[in-house]
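Single-structure report; data block below.
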Amino acid sequence: MLALFWIGCALTLGIALVYSIAALAPQLAGQPGDTGRIRVAAAIVALCAGSLFVGQLLATIGLTAGWQWSRLLATLVCVVWCLTCIGLPLGLFALNAIWRGRARPAPTPVPPTGP
């Protein structure tokens, strides 16, 4: 599951960079029309992808290190990914893996007492 989170980090960073470039140079988008609209839309997508990248990076580092707080942040990141069509099955898979019940060790038998 950690590999999935690291791939997601790289993907969101790529999306943020592409849309940042489109916001800075809207003529590279190849869309005719008002460059102001392209710039605003690309900036909004770049900000959303950038914030998702930061959250996912923190969650991935926390999960890799085994920090307990990272499970909650990873859950929030998975919910955001579930809002997209592509991320829905992967987000559900990751949520299941994060919150799946851990195997509990069998209770140790109490030794018999008596004479």
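How things are named: the first chain in the structure tokens is A, the next is B, and so on; residues count from 1 in each chain; ligands count from 1 in the order shown.
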
Give the helix (DSSP H, G or I) residues of range 3-112 of chain A, as assigned by DSSP on the backbone, as a count of residues only. 83

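Nearest-residue note for Val79 in chain A: choosing from A:Ala25, A:Ala65, A:Leu57, A:Leu52, the minimum distance belongs to A:Leu52, counting only C-alpha atoms.
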
Could you pull the residues within 12 Å of Leu76 in chain A, counting only C-alpha atoms, minus those fewer than 6 positions along the same chain, as a list in words? Leu52, Gly55, Gln56, Leu58, Ala59, Trp69, Ser70, Cys82, Leu83, Gly91, Leu92, Ala94, Leu95 and Ile98 of chain A

Contacts of Leu24 in chain A at 12 Å or less, counting only C-alpha atoms, minus same-chain residues fewer than 2 places along, as a list in words? Leu17, Val18, Tyr19, Ser20, Ile21, Ala22, Pro26, Gln27, Leu28, Ala29, Thr35, Gly36, Ile38, Arg39, Val40, Ala41, Ala42, Ala43 and Ala46 of chain A

Put those residues in a file: N, CA and C atoms, as an mmCIF file, in the first residue's frame.
data_model
loop_
_atom_site.group_PDB
_atom_site.id
_atom_site.type_symbol
_atom_site.label_atom_id
_atom_site.label_comp_id
_atom_site.auth_asym_id
_atom_site.auth_seq_id
_atom_site.Cartn_x
_atom_site.Cartn_y
_atom_site.Cartn_z
ATOM 1 N N LEU A 17 2.612 20.557 -11.078
ATOM 2 C CA LEU A 17 3.615 21.233 -11.902
ATOM 3 C C LEU A 17 3.081 21.583 -13.288
ATOM 4 N N VAL A 18 2.369 20.651 -13.900
ATOM 5 C CA VAL A 18 1.826 20.906 -15.245
ATOM 6 C C VAL A 18 0.850 22.072 -15.220
ATOM 7 N N TYR A 19 -0.044 22.078 -14.239
ATOM 8 C CA TYR A 19 -1.021 23.165 -14.184
ATOM 9 C C TYR A 19 -0.402 24.475 -13.714
ATOM 10 N N SER A 20 0.672 24.401 -12.937
ATOM 11 C CA SER A 20 1.385 25.633 -12.579
ATOM 12 C C SER A 20 2.014 26.261 -13.810
ATOM 13 N N ILE A 21 2.581 25.439 -14.660
ATOM 14 C CA ILE A 21 3.161 25.943 -15.907
ATOM 15 C C ILE A 21 2.064 26.519 -16.800
ATOM 16 N N ALA A 22 0.913 25.836 -16.845
ATOM 17 C CA ALA A 22 -0.210 26.346 -17.648
ATOM 18 C C ALA A 22 -0.731 27.666 -17.097
ATOM 19 N N PRO A 26 -0.226 30.540 -20.215
ATOM 20 C CA PRO A 26 -1.454 29.920 -20.750
ATOM 21 C C PRO A 26 -1.403 29.645 -22.242
ATOM 22 N N GLN A 27 -0.511 30.294 -22.981
ATOM 23 C CA GLN A 27 -0.421 30.008 -24.414
ATOM 24 C C GLN A 27 0.103 28.592 -24.671
ATOM 25 N N LEU A 28 0.780 27.985 -23.680
ATOM 26 C CA LEU A 28 1.263 26.609 -23.833
ATOM 27 C C LEU A 28 0.133 25.587 -23.710
ATOM 28 N N ALA A 29 -1.007 25.997 -23.174
ATOM 29 C CA ALA A 29 -2.143 25.080 -23.024
ATOM 30 C C ALA A 29 -2.742 24.704 -24.371
ATOM 31 N N THR A 35 -7.110 34.006 -22.376
ATOM 32 C CA THR A 35 -6.021 33.430 -21.580
ATOM 33 C C THR A 35 -6.234 33.673 -20.087
ATOM 34 N N GLY A 36 -7.011 34.687 -19.742
ATOM 35 C CA GLY A 36 -7.292 34.941 -18.325
ATOM 36 C C GLY A 36 -8.084 33.814 -17.690
ATOM 37 N N ILE A 38 -8.128 30.694 -18.733
ATOM 38 C CA ILE A 38 -7.235 29.533 -18.663
ATOM 39 C C ILE A 38 -6.298 29.671 -17.472
ATOM 40 N N ARG A 39 -5.789 30.869 -17.269
ATOM 41 C CA ARG A 39 -4.863 31.114 -16.165
ATOM 42 C C ARG A 39 -5.538 30.871 -14.807
ATOM 43 N N VAL A 40 -6.760 31.363 -14.644
ATOM 44 C CA VAL A 40 -7.471 31.186 -13.375
ATOM 45 C C VAL A 40 -7.792 29.708 -13.137
ATOM 46 N N ALA A 41 -8.297 29.029 -14.147
ATOM 47 C CA ALA A 41 -8.643 27.612 -13.990
ATOM 48 C C ALA A 41 -7.400 26.774 -13.694
ATOM 49 N N ALA A 42 -6.318 27.055 -14.406
ATOM 50 C CA ALA A 42 -5.086 26.297 -14.179
ATOM 51 C C ALA A 42 -4.513 26.579 -12.791
ATOM 52 N N ALA A 43 -4.638 27.813 -12.325
ATOM 53 C CA ALA A 43 -4.134 28.147 -10.989
ATOM 54 C C ALA A 43 -4.942 27.436 -9.905
ATOM 55 N N ALA A 46 -3.915 23.822 -9.948
ATOM 56 C CA ALA A 46 -2.555 23.702 -9.414
ATOM 57 C C ALA A 46 -2.552 23.833 -7.895
#

Please provide as number ranges by chain all residues within 8 Å of Gly50 in chain A, with the sequence filter that same-chain residues fewer than 2 positions apart are discarded (counting only C-alpha atoms). A: 12-13, 16, 46-48, 52-54

Given the selection you just returned, output its residues as a file containing C-alpha atoms, formatted as a PDB file, in the first residue's frame.
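Below is the file that was written, again39.pdb:
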ATOM      1  CA  THR A  12      -0.080  14.785  -7.725  1.00  0.00           C
ATOM      2  CA  LEU A  13       3.265  16.574  -7.916  1.00  0.00           C
ATOM      3  CA  ALA A  16       0.547  20.443  -9.793  1.00  0.00           C
ATOM      4  CA  ALA A  46      -2.555  23.702  -9.414  1.00  0.00           C
ATOM      5  CA  LEU A  47      -3.426  24.890  -5.887  1.00  0.00           C
ATOM      6  CA  CYS A  48      -5.725  21.928  -5.292  1.00  0.00           C
ATOM      7  CA  LEU A  52      -3.210  17.282  -2.077  1.00  0.00           C
ATOM      8  CA  PHE A  53       0.470  16.598  -2.750  1.00  0.00           C
ATOM      9  CA  VAL A  54       1.531  18.095   0.590  1.00  0.00           C
TER      10      VAL A  54
END

Which residue, A:Gly14, A:Pro32, A:Arg71, A:Val110, has the smallest gap to Leu2 in chain A when you use only C-alpha atoms?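 Closest candidate: A:Arg71.
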
Tell me, in Å to one decimal, how far CA of Pro89 in chain A is from CA of Val45 in chain A. 21.8 Å

Quick one, how far is CA of Ile44 in chain A from CA of Cys78 in chain A?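 So the two atoms, CA of Ile44 in chain A and CA of Cys78 in chain A, lie 20.3 Å apart.
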
With distances taken over only C-alpha atoms, which of A:Trp99, A:Gly8, A:Gly33, A:Thr64 is nearest to Val80 in chain A?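 That would be A:Gly8, the residue with the smallest distance to Val80 in chain A.
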
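Atom pair CA of Phe93 in chain A / CA of Ile15 in chain A: separated by 22.0 Å.
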